[in-house]
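Structure, as structure tokens:
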Amino acid sequence: MITCSAPGKIFLFGEHSVVYGKAAIACAIDKRVSATLVPCSSVKIKIAGQYKPVNPKKNPYVAGAIYEMNKIAELPGFCIDINSELPSGAGLGSSSAVTVATIKSLDVLADTKLSLKEIAEMSHKIETNVQGKASPTDTFVSTFGGSVKIPEKVHIDFFDAKIVIGNTGKFASTTNLVSDVYELMSKHPDSVNCIMDAMDRVSRDGEIEIQKKDYKKIGELMNINQGLLNSIGVSTVQLENLIWAARNSGAYGAKLTGAGGGGCMIALCDENNIQKVVNAIKKAGGDPFVCNTTKEGVRVDKNNVNPE
Ligand code: PMV
């Protein structure tokens, strides 16, 4: 049996504008997706307790990982079981974490010894094939962990924080939201470009405040970023309700994370007001959970096939 896992992520700053080459900062979180492989006569995936053939339409990320790994290694038969601590389609990078964890487990199985850079690049290729347009943010952060600045793809000072995540429970398609923003940009190029530039500025200022560990200012910049995201139409009434509930109960700052249109919001909190923020998000109709940022990227959790 082989089990590998990879973390989800939050966007502290810069989702959407990152698609247009602007600066973004994303951090890995301590909620993970794991991929477990057991020997099998053919290739199958466990769905609702039953092993079924991998379907590229229903399991595009796992299918993509198998397809890419088949190009570089002769894979034996295996059954794969994906387990996730992350809600999917909620802005927490679950599809990237599935892709990265699957590639790593196949890498261990086939003993291909891929570097982290190769895993991140392969995962990004798969995500782009599935989604049409994808920044390398999610796949890079899920592979390497830590706090990362995009487009440079470099680690910045570790942003050590307690984050309350509030899930609206509404699934949102990243592909559709990215194309909605593209359409808005085509209709109002000058205005929308100015907003993208402002988001870039906010991300860069955010990096400086992370270096200084000034949580109050980081929170204020998150609030500014949220206003800009709202202006390009990716926030929703439910997200705004959770965001304002968190702010009004003492969070340093709150914003949506990822594509928006539903999914999750994040609130930067002090140790002392976490429970207040959790309760406020619940009262406003969200599903809250607390997480920490983490330095840990993809890892091997269990390997009794090719022990190192
Ligand atoms: O919702 P997520 O976790 O897939 O994040 C999407 C972030 C975007 O900037 C909107 C798109 C991207 O590929 O970076």
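Identifiers in the structure tokens: chain A, B, ... in order shown; residue index from 1 per chain; ligand index from 1 in order shown.
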message: Taking only C-alpha atoms and all ligand atoms into account, which residues have an atom no farther than 10 Å from ligand 1? I'd like them as a ChimeraX atom specification.
response: /A:8-11,13-21,24,26,88-96,124,127-128,131-139,150,171-179,181,234,256-264
- request: Apply DSSP to the backbone of this structure and, from region 217-279 of chain A, keep only the residues in strand (DSSP E or B); write these as a PyMOL selection string.
  value: chain A and resi 253-256+264-269
Resulting file, chosen residues, all heavy atoms, as a JSON list (two decimals), in the first residue's frame:
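This is the output file part.json:
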```json
[["chain", "number", "residue", "atom", "x", "y", "z"],
["A", 253, "GLY", "N", -9.35, 40.71, 9.32],
["A", 253, "GLY", "CA", -9.81, 40.96, 7.96],
["A", 253, "GLY", "C", -10.45, 39.70, 7.43],
["A", 253, "GLY", "O", -10.24, 38.61, 7.97],
["A", 254, "ALA", "N", -11.27, 39.85, 6.39],
["A", 254, "ALA", "CA", -11.92, 38.67, 5.81],
["A", 254, "ALA", "C", -12.18, 38.90, 4.33],
["A", 254, "ALA", "O", -12.45, 40.02, 3.90],
["A", 254, "ALA", "CB", -13.23, 38.38, 6.54],
["A", 255, "LYS", "N", -12.08, 37.83, 3.56],
["A", 255, "LYS", "CA", -12.30, 37.90, 2.11],
["A", 255, "LYS", "C", -12.67, 36.52, 1.60],
["A", 255, "LYS", "O", -12.48, 35.53, 2.29],
["A", 255, "LYS", "CB", -11.04, 38.42, 1.40],
["A", 255, "LYS", "CG", -9.84, 37.51, 1.56],
["A", 255, "LYS", "CD", -8.59, 38.09, 0.89],
["A", 255, "LYS", "CE", -8.53, 37.78, -0.60],
["A", 255, "LYS", "NZ", -8.37, 36.35, -0.92],
["A", 256, "LEU", "N", -13.13, 36.48, 0.36],
["A", 256, "LEU", "CA", -13.34, 35.17, -0.26],
["A", 256, "LEU", "C", -11.98, 34.59, -0.61],
["A", 256, "LEU", "O", -10.97, 35.30, -0.61],
["A", 256, "LEU", "CB", -14.24, 35.29, -1.50],
["A", 256, "LEU", "CG", -13.76, 36.09, -2.72],
["A", 256, "LEU", "CD1", -12.87, 35.25, -3.62],
["A", 256, "LEU", "CD2", -14.95, 36.56, -3.52],
["A", 264, "CYS", "N", -15.74, 29.24, -0.39],
["A", 264, "CYS", "CA", -15.35, 29.63, 0.97],
["A", 264, "CYS", "C", -14.84, 31.07, 1.08],
["A", 264, "CYS", "O", -14.34, 31.64, 0.12],
["A", 264, "CYS", "CB", -14.23, 28.71, 1.45],
["A", 264, "CYS", "SG", -14.75, 27.02, 1.73],
["A", 265, "MET", "N", -14.96, 31.57, 2.32],
["A", 265, "MET", "CA", -14.31, 32.81, 2.69],
["A", 265, "MET", "C", -13.30, 32.49, 3.78],
["A", 265, "MET", "O", -13.38, 31.42, 4.40],
["A", 265, "MET", "CB", -15.32, 33.88, 3.16],
["A", 265, "MET", "CG", -16.31, 33.48, 4.21],
["A", 265, "MET", "SD", -15.70, 33.21, 5.88],
["A", 265, "MET", "CE", -15.27, 34.87, 6.37],
["A", 266, "ILE", "N", -12.34, 33.39, 3.98],
["A", 266, "ILE", "CA", -11.36, 33.18, 5.05],
["A", 266, "ILE", "C", -11.34, 34.41, 5.96],
["A", 266, "ILE", "O", -11.54, 35.54, 5.49],
["A", 266, "ILE", "CB", -9.93, 32.95, 4.49],
["A", 266, "ILE", "CG1", -9.50, 34.09, 3.55],
["A", 266, "ILE", "CG2", -9.85, 31.60, 3.77],
["A", 266, "ILE", "CD1", -8.02, 34.04, 3.15],
["A", 267, "ALA", "N", -11.11, 34.17, 7.24],
["A", 267, "ALA", "CA", -10.98, 35.28, 8.18],
["A", 267, "ALA", "C", -9.68, 35.11, 8.96],
["A", 267, "ALA", "O", -9.38, 34.02, 9.45],
["A", 267, "ALA", "CB", -12.16, 35.28, 9.14],
["A", 268, "LEU", "N", -8.90, 36.18, 8.99],
["A", 268, "LEU", "CA", -7.64, 36.16, 9.74],
["A", 268, "LEU", "C", -7.96, 36.53, 11.19],
["A", 268, "LEU", "O", -8.55, 37.58, 11.44],
["A", 268, "LEU", "CB", -6.66, 37.17, 9.12],
["A", 268, "LEU", "CG", -5.32, 37.34, 9.81],
["A", 268, "LEU", "CD1", -4.56, 36.02, 9.88],
["A", 268, "LEU", "CD2", -4.48, 38.38, 9.08],
["A", 269, "CYS", "N", -7.60, 35.64, 12.11],
["A", 269, "CYS", "CA", -8.05, 35.81, 13.49],
["A", 269, "CYS", "C", -6.92, 35.79, 14.49],
["A", 269, "CYS", "O", -5.87, 35.21, 14.26],
["A", 269, "CYS", "CB", -8.99, 34.67, 13.86],
["A", 269, "CYS", "SG", -10.51, 34.75, 12.98]]
```
- prompt: Which distance in Å separates CA of Gly64 (chain A) and CA of Arg32 (chain A), to one decimal?
  reply: 19.7 Å
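Distances to Asp205 (chain A) were evaluated for A:Gln50, A:Ser191, A:Asn225, A:Thr236 using only C-alpha atoms, and the minimum falls at A:Asn225.
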- line: The residue from A:Lys57, A:Lys217, A:Arg204, A:Lys295 with the smallest atom-to-atom distance to Pro151 (chain A), counting only C-alpha atoms, is A:Arg204
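The closest residue to Ser42 (chain A), picked from A:Thr294, A:Glu271, A:Asp157, A:Gly77 and counting only C-alpha atoms, is A:Gly77.
Closest to Leu109 (chain A) among A:Pro76, A:Pro189, A:Gly297, A:Pro7 is A:Pro76, based on only C-alpha atoms.
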- request: Within 10 Å of Val62 (chain A), counting only C-alpha atoms, which residues show up once you throw out same-chain ones fewer than 4 positions away? Write them as a list in words, please.
  value: Ala35, Ile45, Val54, Asn55, Pro56, Lys58, Ile66, Tyr67, Ile80, Ile82, Ser95, Val98, Thr99, Val100, Ala101, Thr102, Ile103 and Ile126 of chain A
field: Option closest in space to Glu121 (chain A), from A:Trp244, A:Tyr61, A:Phe140, A:Tyr215 [counting only C-alpha atoms]
entry: A:Phe140
Nearby residues (only C-alpha atoms) at most 7 Å from Asn292 (chain A), same-chain spacing under 5 positions excluded, as a CSV table (one decimal) with C-alpha atoms, in the first residue's frame:
```csv
chain,number,residue,atom,x,y,z
A,29,ILE,CA,-3.2,24.9,5.0
A,30,ASP,CA,-3.2,21.9,7.3
A,161,ALA,CA,-1.6,32.3,11.1
A,162,LYS,CA,-4.9,30.8,12.4
A,163,ILE,CA,-7.5,31.1,9.8
```
